[in-house]
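Novice: So here's coords.txt (compact mmCIF, C-alpha atoms).
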```txt
# COMPACT_ATOMS: atom_id res chain seq x y z
CA MET A 1 22.74 -51.61 -25.21
CA PRO A 2 22.98 -50.47 -21.61
CA SER A 3 25.83 -51.86 -19.54
CA PHE A 4 24.52 -53.40 -16.32
CA THR A 5 27.70 -55.12 -15.19
CA PRO A 6 31.24 -53.88 -14.61
CA ASN A 7 33.59 -54.24 -17.55
CA PRO A 8 35.90 -57.18 -16.70
CA SER A 9 38.58 -55.93 -19.08
CA GLN A 10 38.67 -52.43 -17.61
CA PRO A 11 41.89 -51.68 -15.73
CA ALA A 12 41.56 -51.97 -11.97
CA SER A 13 42.62 -48.38 -11.54
CA GLU A 14 39.56 -47.25 -13.49
CA SER A 15 37.14 -49.38 -11.51
CA ALA A 16 38.44 -48.27 -8.14
CA SER A 17 36.20 -46.15 -5.99
CA ASP A 18 38.68 -43.27 -6.02
CA ALA A 19 38.96 -43.17 -9.84
CA PRO A 20 38.34 -39.72 -11.35
CA GLU A 21 34.90 -39.14 -12.81
CA LEU A 22 34.74 -39.60 -16.56
CA GLN A 23 34.39 -36.31 -18.42
CA PHE A 24 32.03 -36.95 -21.33
CA PRO A 25 30.83 -34.26 -23.71
CA PRO A 26 27.27 -33.17 -22.84
CA ILE A 27 24.86 -36.01 -23.60
CA THR A 28 21.73 -34.46 -25.05
CA ARG A 29 18.26 -35.90 -25.44
CA ASP A 30 18.59 -35.42 -29.20
CA HIS A 31 21.75 -37.56 -29.24
CA ILE A 32 19.90 -40.43 -27.53
CA LEU A 33 16.98 -40.07 -29.96
CA ASN A 34 19.38 -40.01 -32.94
CA CYS A 35 20.54 -43.48 -31.82
CA SER A 36 16.98 -44.84 -31.79
CA TYR A 37 16.54 -47.52 -34.45
CA ASP A 38 13.63 -45.78 -36.15
CA SER A 39 15.68 -42.57 -36.44
CA TRP A 40 18.62 -43.96 -38.42
CA PHE A 41 17.36 -47.16 -40.07
CA PRO A 42 15.52 -45.51 -43.01
CA LYS A 43 18.74 -43.75 -44.02
CA TYR A 44 21.04 -46.78 -43.71
CA ARG A 45 18.63 -49.63 -44.45
CA THR A 46 20.68 -50.95 -47.41
CA SER A 47 23.51 -51.69 -44.98
CA CYS A 48 21.27 -53.32 -42.35
CA ILE A 49 19.46 -56.56 -41.63
CA LYS A 50 15.95 -56.71 -43.11
CA SER A 51 13.65 -55.09 -40.55
CA ARG A 52 10.13 -53.91 -39.81
CA ILE A 53 9.37 -51.06 -37.41
CA ILE A 54 6.02 -50.87 -35.62
CA PRO A 55 4.96 -47.78 -33.62
CA LEU A 56 3.67 -48.83 -30.21
CA SER A 57 0.39 -47.67 -28.71
CA PRO A 58 0.07 -46.44 -25.10
CA GLU A 59 -1.90 -49.61 -24.34
CA PHE A 60 1.02 -51.79 -25.44
CA VAL A 61 3.54 -49.80 -23.39
CA GLU A 62 1.30 -50.06 -20.33
CA TYR A 63 1.04 -53.82 -20.91
CA ILE A 64 4.84 -54.15 -20.99
CA ARG A 65 5.27 -52.09 -17.82
CA GLU A 66 2.66 -53.76 -15.64
CA ASP A 67 3.27 -56.70 -13.32
CA GLY A 68 2.26 -60.20 -14.32
CA ILE A 69 2.22 -61.83 -17.74
CA VAL A 70 -0.95 -62.36 -19.74
CA LEU A 71 -0.49 -63.96 -23.15
CA ALA A 72 -2.90 -64.26 -26.07
CA ASP A 73 -5.80 -66.70 -25.74
CA GLU A 74 -5.99 -67.55 -29.45
CA ASP A 75 -6.69 -71.08 -30.63
CA GLU A 76 -3.53 -73.15 -30.37
CA ASP A 77 -4.44 -74.82 -33.67
CA GLU A 78 -3.09 -71.70 -35.37
CA GLU A 79 0.40 -72.67 -34.28
CA GLU A 80 2.54 -75.06 -36.26
CA ASP A 81 2.40 -78.47 -34.64
CA ASP A 82 5.73 -79.55 -36.09
CA ASP A 83 7.79 -76.84 -34.39
CA GLU A 84 10.34 -78.95 -32.55
CA GLU A 85 11.44 -76.12 -30.29
CA TRP A 86 7.88 -75.54 -29.06
CA ALA A 87 7.45 -79.28 -28.60
CA SER A 88 10.58 -79.48 -26.43
CA ALA A 89 9.67 -76.45 -24.33
CA PRO A 90 8.04 -76.85 -20.91
CA ALA A 91 4.28 -77.01 -21.27
CA SER A 92 3.90 -74.19 -18.77
CA ILE A 93 5.70 -71.80 -21.09
CA ARG A 94 3.85 -72.61 -24.30
CA ARG A 95 0.60 -70.78 -23.80
CA PRO A 96 -0.73 -70.36 -20.26
CA PRO A 97 -4.38 -69.28 -20.38
CA TYR A 98 -4.01 -67.37 -17.14
CA GLU A 99 -2.08 -64.51 -15.64
CA ILE A 100 1.20 -65.11 -13.85
CA GLU A 101 0.63 -63.50 -10.50
CA SER A 102 3.00 -60.83 -9.25
CA ASP A 103 4.77 -61.42 -5.94
CA SER A 104 2.14 -59.91 -3.65
CA ASP A 105 0.58 -61.17 -0.43
CA SER A 106 -2.37 -58.80 -0.56
CA ASP A 107 -5.74 -60.43 -1.15
CA ASP A 108 -7.77 -57.46 0.06
CA VAL A 109 -8.45 -55.85 -3.31
CA GLU A 110 -9.50 -58.01 -6.22
CA GLU A 111 -8.63 -56.45 -9.56
CA PRO A 112 -10.62 -57.35 -12.64
CA PRO A 113 -8.85 -59.88 -14.87
CA LYS A 114 -6.63 -58.29 -17.50
CA LEU A 115 -7.51 -58.79 -21.14
CA PRO A 116 -5.10 -60.85 -23.30
CA PRO A 117 -3.04 -58.93 -25.89
CA ASN A 118 -5.14 -60.07 -28.87
CA LYS A 119 -8.19 -58.42 -27.25
CA ARG A 120 -6.42 -55.54 -25.55
CA PHE A 121 -4.72 -54.18 -28.71
CA PRO A 122 -6.04 -56.40 -31.53
CA GLU A 123 -4.81 -54.27 -34.45
CA LEU A 124 -1.26 -54.16 -33.12
CA HIS A 125 -1.33 -57.86 -32.28
CA GLN A 126 -2.40 -58.67 -35.84
CA MET A 127 0.24 -56.37 -37.31
CA ILE A 128 2.96 -58.15 -35.33
CA LYS A 129 1.76 -61.50 -36.70
CA GLU A 130 1.84 -60.12 -40.26
CA LYS A 131 5.34 -58.69 -39.91
CA ILE A 132 6.65 -61.97 -38.52
CA SER A 133 5.26 -63.70 -41.60
CA GLU A 134 6.79 -61.07 -43.93
CA LEU A 135 10.20 -61.65 -42.36
CA GLY A 136 10.15 -65.39 -42.97
CA GLY A 137 8.43 -66.63 -39.82
CA ALA A 138 11.22 -65.94 -37.33
CA VAL A 139 12.31 -62.56 -35.95
CA ALA A 140 14.57 -60.98 -33.34
CA PRO A 141 12.71 -58.23 -31.42
CA LYS A 142 13.97 -55.06 -29.77
CA LEU A 143 12.65 -51.66 -28.79
CA ASN A 144 14.17 -48.32 -29.85
CA TRP A 145 17.64 -49.11 -28.51
CA THR A 146 17.78 -52.46 -26.78
CA ALA A 147 17.09 -56.14 -27.41
CA PRO A 148 15.84 -58.39 -24.56
CA LYS A 149 19.02 -60.47 -24.50
CA ASP A 150 18.83 -60.76 -20.72
CA ALA A 151 15.51 -62.66 -20.99
CA THR A 152 16.59 -65.55 -23.23
CA TRP A 153 16.38 -67.85 -20.19
CA ILE A 154 12.58 -67.80 -20.55
CA SER A 155 12.51 -68.24 -24.32
CA PRO A 156 11.15 -71.53 -25.69
CA HIS A 157 13.61 -71.24 -28.58
CA GLN A 158 16.77 -72.71 -27.08
CA ASN A 159 18.07 -69.73 -25.11
CA THR A 160 17.87 -67.23 -28.00
CA ILE A 161 15.79 -64.15 -28.79
CA LYS A 162 14.23 -65.94 -31.74
CA CYS A 163 10.46 -65.37 -31.89
CA THR A 164 7.94 -67.07 -34.15
CA THR A 165 4.71 -65.79 -32.56
CA PRO A 166 3.56 -62.55 -30.90
CA ASP A 167 3.46 -64.39 -27.57
CA ASP A 168 7.18 -65.16 -27.87
CA ILE A 169 7.79 -61.43 -28.23
CA TYR A 170 5.54 -60.48 -25.30
CA LEU A 171 7.23 -63.02 -23.04
CA LEU A 172 10.72 -61.70 -23.80
CA LEU A 173 9.80 -58.02 -23.53
CA LYS A 174 7.99 -58.40 -20.21
CA SER A 175 10.81 -60.50 -18.71
CA SER A 176 13.65 -58.14 -19.67
CA ASN A 177 15.35 -55.53 -17.50
CA PHE A 178 16.94 -54.11 -20.64
CA ILE A 179 13.51 -53.30 -22.06
CA THR A 180 12.56 -51.59 -18.80
CA TYR A 181 15.68 -49.48 -19.22
CA ASP A 182 14.52 -48.36 -22.68
CA LEU A 183 11.11 -47.32 -21.36
CA GLU A 184 12.12 -45.80 -18.04
CA HIS A 185 15.76 -44.70 -18.07
CA ALA A 186 16.86 -43.96 -21.65
CA PHE A 187 17.35 -40.24 -20.92
CA ASP A 188 18.78 -40.48 -17.39
CA ASP A 189 22.28 -39.27 -18.36
CA CYS A 190 21.10 -36.38 -20.51
CA THR A 191 22.23 -32.81 -19.92
CA PRO A 192 19.35 -30.30 -20.06
CA THR A 193 19.67 -27.67 -22.79
CA ALA A 194 17.69 -24.54 -23.53
CA SER A 195 16.21 -26.05 -26.68
CA SER A 196 15.38 -29.38 -25.02
CA THR A 197 13.32 -27.73 -22.28
CA VAL A 198 11.35 -25.52 -24.70
CA ASN A 199 10.93 -27.72 -27.78
CA GLN A 200 11.52 -31.19 -26.40
CA THR A 201 11.35 -33.90 -29.06
CA PRO A 202 8.83 -36.52 -27.89
CA PHE A 203 9.89 -40.08 -27.28
CA LYS A 204 7.89 -42.48 -29.46
CA PRO A 205 8.45 -46.13 -28.49
CA VAL A 206 8.65 -48.59 -31.36
CA LEU A 207 8.93 -52.34 -31.73
CA VAL A 208 11.68 -53.41 -34.13
CA LEU A 209 11.44 -56.85 -35.72
CA ARG A 210 14.53 -58.04 -37.56
CA SER A 211 14.80 -61.12 -39.69
CA TYR A 212 16.28 -63.77 -37.39
CA PHE A 213 19.55 -65.44 -38.24
CA ASN A 214 22.22 -67.24 -36.26
CA PRO A 215 25.34 -65.03 -36.37
CA HIS A 216 28.84 -66.27 -35.74
CA THR A 217 29.39 -64.15 -32.62
CA ALA A 218 33.14 -63.95 -33.26
CA MET A 219 32.35 -61.65 -36.20
CA GLU A 220 30.43 -59.06 -34.17
CA PHE A 221 32.32 -55.84 -33.42
CA ARG A 222 31.68 -52.59 -31.56
CA CYS A 223 33.12 -49.46 -33.18
CA PHE A 224 33.81 -46.10 -31.52
CA VAL A 225 33.61 -42.79 -33.40
CA LYS A 226 35.11 -39.60 -31.98
CA HIS A 227 34.84 -36.27 -33.84
CA ARG A 228 33.76 -38.23 -36.95
CA ASN A 229 36.91 -40.36 -36.81
CA LEU A 230 36.74 -44.13 -36.33
CA VAL A 231 39.15 -44.49 -33.41
CA ALA A 232 38.63 -47.99 -31.95
CA ILE A 233 37.08 -51.38 -32.72
CA SER A 234 36.41 -54.08 -30.11
CA GLN A 235 35.47 -57.72 -30.41
CA ARG A 236 32.02 -58.16 -28.81
CA ASP A 237 32.14 -61.86 -27.88
CA LEU A 238 34.71 -61.95 -25.07
CA ASN A 239 36.06 -65.38 -25.97
CA TYR A 240 39.27 -66.26 -27.79
CA PHE A 241 39.03 -67.19 -31.49
CA ASP A 242 42.36 -68.03 -33.09
CA PHE A 243 41.14 -67.47 -36.66
CA LEU A 244 40.52 -63.76 -36.03
CA GLN A 245 44.18 -62.75 -35.78
CA PRO A 246 45.03 -63.28 -39.50
CA LEU A 247 41.85 -61.34 -40.43
CA LYS A 248 42.64 -58.18 -38.45
CA THR A 249 43.63 -56.08 -41.47
CA GLU A 250 40.59 -57.13 -43.47
CA ILE A 251 38.22 -56.61 -40.52
CA ILE A 252 39.45 -53.03 -40.13
CA ALA A 253 39.13 -52.46 -43.89
CA LYS A 254 35.53 -53.75 -44.06
CA ILE A 255 34.42 -51.67 -41.08
CA SER A 256 36.24 -48.58 -42.35
CA GLN A 257 34.58 -48.94 -45.73
CA LEU A 258 31.11 -49.02 -44.12
CA PHE A 259 31.96 -46.08 -41.89
CA ASN A 260 33.48 -43.84 -44.55
CA ASN A 261 30.93 -44.62 -47.25
CA ARG A 262 27.77 -44.57 -45.17
CA LEU A 263 28.09 -43.17 -41.64
CA ARG A 264 30.92 -40.69 -41.29
CA TYR A 265 29.31 -37.57 -42.74
CA THR A 266 25.63 -38.50 -42.50
CA PHE A 267 24.99 -39.41 -38.86
CA PRO A 268 23.83 -36.28 -37.01
CA ASP A 269 26.37 -36.56 -34.16
CA GLY A 270 30.15 -36.52 -34.36
CA ASN A 271 30.58 -38.91 -31.40
CA PHE A 272 28.75 -42.24 -31.39
CA VAL A 273 29.21 -46.01 -31.17
CA PHE A 274 28.01 -48.52 -33.76
CA ASP A 275 27.85 -52.31 -33.91
CA VAL A 276 28.51 -54.37 -37.02
CA TYR A 277 28.41 -57.96 -38.17
CA ILE A 278 30.78 -59.21 -40.88
CA PRO A 279 29.54 -62.41 -42.57
CA GLU A 280 31.69 -64.81 -44.50
CA GLY A 281 32.24 -63.83 -48.14
CA GLU A 282 31.64 -65.96 -51.20
CA ASP A 283 34.70 -65.05 -53.29
CA GLU A 284 36.72 -63.56 -50.43
CA PRO A 285 37.17 -64.36 -46.74
CA LEU A 286 34.81 -61.62 -45.54
CA SER A 287 31.74 -59.99 -47.04
CA ARG A 288 30.78 -56.34 -46.49
CA ALA A 289 30.01 -55.25 -42.93
CA ARG A 290 26.34 -54.98 -41.91
CA LEU A 291 25.20 -52.24 -39.56
CA ILE A 292 23.44 -53.76 -36.54
CA ASP A 293 22.98 -50.91 -34.05
CA ILE A 294 24.02 -47.36 -33.23
CA ASN A 295 24.63 -46.48 -29.59
CA ALA A 296 25.24 -43.29 -27.67
CA TRP A 297 28.73 -42.02 -26.82
CA ALA A 298 27.81 -42.26 -23.14
CA PRO A 299 28.80 -44.12 -19.95
CA HIS A 300 25.87 -46.55 -20.19
CA THR A 301 27.23 -47.97 -23.46
CA ASP A 302 29.55 -50.91 -22.77
CA SER A 303 33.10 -50.11 -23.91
CA LEU A 304 34.06 -53.84 -23.88
CA LEU A 305 37.84 -54.31 -24.40
CA PHE A 306 38.52 -50.58 -24.07
CA GLY A 307 38.16 -48.34 -21.05
CA TRP A 308 36.07 -45.23 -21.52
CA GLN A 309 38.86 -43.10 -20.10
CA GLU A 310 41.31 -44.19 -22.78
CA LEU A 311 38.70 -43.59 -25.48
CA LEU A 312 38.08 -40.09 -24.14
CA ASP A 313 41.83 -39.44 -24.05
CA ILE A 314 42.46 -40.43 -27.69
CA LYS A 315 43.74 -37.45 -29.67
CA VAL A 316 42.18 -37.06 -33.09
CA PRO A 317 42.23 -34.33 -35.76
CA GLY A 318 39.97 -31.33 -35.21
CA PRO A 319 36.21 -32.00 -35.26
CA ILE A 320 34.59 -32.24 -38.68
CA LEU A 321 31.45 -30.16 -38.45
CA GLY A 322 28.17 -30.51 -40.33
CA VAL A 323 26.17 -33.34 -41.83
CA VAL A 324 25.95 -34.06 -45.53
CA GLY A 325 23.92 -36.55 -47.48
CA GLY A 326 20.99 -36.47 -45.07
CA GLU A 327 18.30 -36.59 -47.72
CA THR A 328 14.67 -36.68 -46.67
CA VAL A 329 13.32 -40.19 -46.67
CA ASP A 330 10.42 -40.80 -49.02
CA GLY A 331 7.05 -41.41 -47.43
CA ASP A 332 6.90 -45.03 -48.49
CA GLU A 333 10.21 -45.70 -46.78
CA SER A 334 9.30 -44.25 -43.40
CA ALA A 335 9.68 -46.18 -40.18
CA SER A 336 6.10 -47.38 -40.06
CA GLY A 337 6.44 -51.02 -41.01
CA ALA A 338 6.59 -50.48 -44.78
CA ASP A 339 8.82 -52.66 -46.90
CA GLU A 340 12.51 -52.01 -46.45
CA THR A 341 15.45 -53.27 -48.44
CA SER A 342 16.82 -56.60 -47.28
CA GLU A 343 20.35 -57.22 -46.11
CA GLY A 344 21.24 -58.85 -49.40
CA GLU A 345 20.00 -55.95 -51.52
CA LYS A 346 22.03 -52.87 -52.27
CA ASP A 347 21.50 -49.64 -54.18
CA GLU A 348 23.47 -49.15 -57.38
CA ASP A 349 25.17 -46.16 -55.75
CA ASP A 350 26.37 -48.47 -52.98
CA GLU A 351 27.80 -50.90 -55.49
CA GLY A 352 29.75 -48.06 -57.03
CA GLU A 353 31.33 -47.13 -53.73
CA ASP A 354 34.84 -48.43 -53.37
CA GLU A 355 37.94 -47.84 -51.35
CA ASP A 356 38.48 -44.42 -52.97
CA ASP A 357 36.64 -42.81 -50.08
CA GLU A 358 38.93 -44.53 -47.62
CA GLY A 359 41.62 -42.10 -48.62
CA GLU A 360 39.72 -39.50 -46.63
CA GLU A 361 40.34 -41.42 -43.42
CA ASP A 362 42.90 -39.59 -41.33
CA PHE A 363 43.00 -41.82 -38.26
CA THR A 364 43.88 -45.51 -38.08
CA PRO A 365 41.57 -47.29 -35.61
CA GLU A 366 42.89 -49.86 -33.16
CA LEU A 367 41.22 -53.28 -33.30
CA ARG A 368 41.30 -55.18 -30.03
CA LEU A 369 40.66 -58.89 -29.91
CA VAL A 370 40.61 -61.25 -26.95
CA GLU A 371 44.08 -62.75 -26.71
CA LYS A 372 44.77 -66.36 -25.79
CA GLU A 373 46.45 -65.25 -22.56
CA ASP A 374 43.52 -63.09 -21.45
CA ALA A 375 41.47 -64.31 -18.49
CA ALA A 376 38.30 -63.78 -20.52
CA ALA A 377 39.54 -66.30 -23.09
CA TYR A 378 38.99 -69.17 -20.64
CA ASN A 379 35.33 -68.23 -20.11
CA LEU A 380 35.49 -68.89 -16.36
CA SER A 381 33.16 -66.05 -15.47
CA SER A 382 29.39 -66.26 -14.99
CA PRO A 383 27.26 -66.61 -18.13
CA GLN A 384 26.31 -63.35 -19.81
CA TYR A 385 23.32 -61.60 -18.19
CA SER A 386 23.23 -64.26 -15.45
CA ALA A 387 22.32 -61.60 -12.90
CA HIS A 388 18.95 -61.25 -14.66
CA LYS A 389 18.05 -64.94 -14.66
CA LEU A 390 15.83 -66.98 -12.33
CA PRO A 391 15.98 -70.67 -11.37
CA LYS A 392 13.78 -72.87 -13.55
CA ASP A 393 11.77 -74.03 -10.52
CA VAL A 394 10.81 -70.44 -9.75
CA VAL A 395 9.78 -69.79 -13.37
CA ASP A 396 7.69 -72.98 -13.55
CA ALA A 397 6.01 -72.15 -10.25
CA GLY A 398 5.21 -68.65 -11.45
CA MET A 399 3.73 -69.98 -14.67
CA SER A 400 1.39 -72.20 -12.58
CA GLY A 401 -0.36 -69.27 -10.96
CA GLU A 402 -0.90 -68.46 -7.29
CA GLY A 403 -1.26 -72.10 -6.26
CA GLY A 404 2.06 -73.00 -7.82
CA MET A 405 3.86 -70.19 -6.02
CA ARG A 406 2.36 -71.22 -2.67
CA ALA A 407 3.40 -74.85 -3.21
CA PHE A 408 6.92 -73.74 -4.17
CA ALA A 409 7.15 -71.49 -1.08
CA GLN A 410 6.09 -74.37 1.18
CA LYS A 411 8.60 -76.72 -0.44
CA TRP A 412 11.34 -74.10 -0.07
CA LYS A 413 10.59 -73.74 3.65
CA GLU A 414 10.85 -77.50 4.07
CA MET A 415 14.14 -77.65 2.15
CA THR A 416 15.77 -74.82 4.11
CA GLY A 417 14.38 -75.78 7.51
CA MET A 418 12.55 -72.49 7.81
CA GLU A 419 9.29 -74.27 8.66
CA ASN A 420 10.76 -75.65 11.88
CA ILE A 421 12.05 -72.22 12.85
CA VAL A 422 8.66 -70.63 12.21
CA ASN A 423 6.96 -73.34 14.31
CA GLY A 424 9.42 -72.90 17.14
CA GLY A 425 11.41 -76.03 16.42
CA ARG A 426 15.06 -76.49 15.55
```
Just give me the structure of the file as structure tokens.

Specialist:
Amino acid sequence: MPSFTPNPSQPASESASDAPELQFPPITRDHILNCSYDSWFPKYRTSCIKSRIIPLSPEFVEYIREDGIVLADEDEDEEEDDDEEWASAPASIRRPPYEIESDSDSDDVEEPPKLPPNKRFPELHQMIKEKISELGGAVAPKLNWTAPKDATWISPHQNTIKCTTPDDIYLLLKSSNFITYDLEHAFDDCTPTASSTVNQTPFKPVLVLRSYFNPHTAMEFRCFVKHRNLVAISQRDLNYFDFLQPLKTEIIAKISQLFNNRLRYTFPDGNFVFDVYIPEGEDEPLSRARLIDINAWAPHTDSLLFGWQELLDIKVPGPILGVVGGETVDGDESASGADETSEGEKDEDDEGEDEDDEGEEDFTPELRLVEKEDAAAYNLSSPQYSAHKLPKDVVDAGMSGEGGMRAFAQKWKEMTGMENIVNGGR
């Protein structure tokens, strides 16, 4: 996920304006594409959350990029009437039959009304509905790299990225700066190479739908790989959890097992970052780690409790070159929305993997957790992604069309006294 805010845990010396520029290895276009969900999921699907991947049409991408929000105009009877979260959501968010106007004062040129998604790209709209049903009726959406976590403020599902209808997905995607980053800026940090300019691999946007579940955020970790060595692990939720300290050894073991058995020699790049979730075990404290995402070894990836400079300075054994075990994926397992193995299923070969491979590990990673004394432990900072949120009054006014925005603007002038200033009063 791109990092849009300064890292609060980063040493002040690194955030100062006179800090030396970070010296990353060349970041290639291929490296960014290797981290795209549809690139690595078919190979590692048995270690992932159950997912469906849908290639996106140019019409859909244009719809996401354009101003204003037009949702489907299907019959509301198709929705479940007993969905408590929909029932508790503001009526203006449920299914507006109109377009939310962009912030423009120009009335000179009248554009023709935009078609709703179910008429603009009907096949894709229907496919999204089918995949939601296949995944149990609730999904978490993302594009190639990023989930719209900065847009949960507009979600009718209690400030989460949970989606039960295509309209839920459209609303999140169109309200997210993170999604704009995926579409517009994914390759901004890339270093041009001779091969990339001649035979440039095309970028194919995809919609990823993952089976929705409520994770215990304390058990989410970001892991850093340098020269095919797991060098660092960071807690992702920057709050203090006292129960994590006794689990440190087991957390490192579970993540190392996933890395050594599945990722170390098969991912195309030697430097990368991956996110995992470790659920509670049945017969032991922790179950096996699940692979959630793979991110680029690049400045736009949030280093959380580490500073990028210290990660770059870590000394590891010489680079291990080459990739093994990269078998061609069968046609019926391609990233086109076909059935994939669920998170609870596992190949027999996976079951046979044990800690024997861990003997190959030649670097002991450091696991950093938020300590009780850390400032972040008191959660006094602004809520996550708060810079991307809007006041509820603004959202409700926008959902009411042009008239609602005008009424809100007039009310705002009255509240701030601007109307008197405009009229020459005080």

Novice: Range 177-190 of chain A: which residues within 6 Å, counting all atoms listed in the file, same-chain residues fewer than 6 positions away excluded, as a list of chain:residue names?

Specialist: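 Residues meeting the cut-off are A:Ile27, A:Thr28, A:Arg29, A:Pro148.
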
Novice: Determine, counting all atoms listed in the file, which protein, DNA and RNA residues have an atom within 8 Å of an atom of Asp38 in chain A; residues of the same chain fewer than 3 positions away are not included. Present the result as a count of residues only.

Specialist: 6

Novice: Counting all atoms listed in the file, which residue out of A:Thr146, A:Asn159, A:Thr249, A:Thr364 sits closest to Thr301 in chain A?

Specialist: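 The closest residue to Thr301 in chain A is A:Thr146.
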
Novice: Which one of A:Thr46, A:Thr191, A:Ser175, A:Ser133 sits closest to Ile292 in chain A if you count all atoms listed in the file?

Specialist: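 Among the listed residues, the smallest separation from Ile292 in chain A belongs to A:Thr46.
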
Novice: Calculated over only C-alpha atoms, which of the candidates A:Val225, A:Cys48, A:Leu171, A:Ala72 has the smallest distance to Asp269 in chain A?

Specialist: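 Looking only at the distances to Asp269 in chain A, the closest residue turns out to be A:Val225.
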
Novice: At what distance in Å, to one decimal, does CA of Ser234 in chain A lie from CA of Ser256 in chain A?

Specialist: 13.4 Å

Novice: Name the closest residue to Ala138 in chain A among the candidates A:Arg222, A:Lys204, A:His216, A:Lys50; distances are taken between atoms, counting only C-alpha atoms.

Specialist: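 Nearest candidate to Ala138 in chain A out of A:Arg222, A:Lys204, A:His216, A:Lys50: A:Lys50.
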
Novice: Counting all atoms listed in the file, what is within 9 Å of Glu66 in chain A, bar same-chain residues fewer than 4 positions away, as a ChimeraX atom specification?

Specialist: /A:61-62,174

Novice: Do you know which residues are at most 10 Å from Trp297 in chain A counting all atoms listed in the file, after dropping those on the same chain fewer than 3 positions away, and could you put them as a list in words?

Specialist: Phe24, Pro25, Pro26, Ile27, His31, Ile32, Cys35, Phe224, Val225, Lys226, Asp269, Gly270, Asn271, Phe272, Val273, Phe274, Ile294, His300, Thr301, Asp302, Ser303, Trp308 and Leu312 of chain A

Novice: Write the residues of the selection above to a file with C-alpha atoms, as a PDB file, in the coordinates of the input.

Specialist:
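The file below, result_36.pdb, is the result:
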```pdb
ATOM      1  CA  PHE A  24      32.030 -36.950 -21.330  1.00  0.00           C
ATOM      2  CA  PRO A  25      30.830 -34.260 -23.710  1.00  0.00           C
ATOM      3  CA  PRO A  26      27.270 -33.170 -22.840  1.00  0.00           C
ATOM      4  CA  ILE A  27      24.860 -36.010 -23.600  1.00  0.00           C
ATOM      5  CA  HIS A  31      21.750 -37.560 -29.240  1.00  0.00           C
ATOM      6  CA  ILE A  32      19.900 -40.430 -27.530  1.00  0.00           C
ATOM      7  CA  CYS A  35      20.540 -43.480 -31.820  1.00  0.00           C
ATOM      8  CA  PHE A 224      33.810 -46.100 -31.520  1.00  0.00           C
ATOM      9  CA  VAL A 225      33.610 -42.790 -33.400  1.00  0.00           C
ATOM     10  CA  LYS A 226      35.110 -39.600 -31.980  1.00  0.00           C
ATOM     11  CA  ASP A 269      26.370 -36.560 -34.160  1.00  0.00           C
ATOM     12  CA  GLY A 270      30.150 -36.520 -34.360  1.00  0.00           C
ATOM     13  CA  ASN A 271      30.580 -38.910 -31.400  1.00  0.00           C
ATOM     14  CA  PHE A 272      28.750 -42.240 -31.390  1.00  0.00           C
ATOM     15  CA  VAL A 273      29.210 -46.010 -31.170  1.00  0.00           C
ATOM     16  CA  PHE A 274      28.010 -48.520 -33.760  1.00  0.00           C
ATOM     17  CA  ILE A 294      24.020 -47.360 -33.230  1.00  0.00           C
ATOM     18  CA  HIS A 300      25.870 -46.550 -20.190  1.00  0.00           C
ATOM     19  CA  THR A 301      27.230 -47.970 -23.460  1.00  0.00           C
ATOM     20  CA  ASP A 302      29.550 -50.910 -22.770  1.00  0.00           C
ATOM     21  CA  SER A 303      33.100 -50.110 -23.910  1.00  0.00           C
ATOM     22  CA  TRP A 308      36.070 -45.230 -21.520  1.00  0.00           C
ATOM     23  CA  LEU A 312      38.080 -40.090 -24.140  1.00  0.00           C
TER      24      LEU A 312
END
```

Novice: List the spatial neighbours of Pro365 in chain A as a PyMOL selection string - criterion: any atom at most 6 Å away, only C-alpha atoms, same-chain residues fewer than 5 positions off excluded.

Specialist: chain A and resi 230-232

Novice: Using only C-alpha atoms, find the one residue out of A:Ala253, A:Met219, A:Ile64, A:Val208 that sits nearest to Pro279 in chain A.

Specialist: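 Of all the options, A:Met219 lies closest to Pro279 in chain A.
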
Novice: Using CA of Asn295 in chain A and CA of Pro205 in chain A as the two end points, give the distance in Å to one decimal.

Specialist: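 CA of Pro205 in chain A lies 16.2 Å from CA of Asn295 in chain A.
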
Novice: Rounded to one decimal place, report the CA of Pro55 in chain A-CA of Arg120 in chain A distance in Å.

Specialist: 16.0 Å
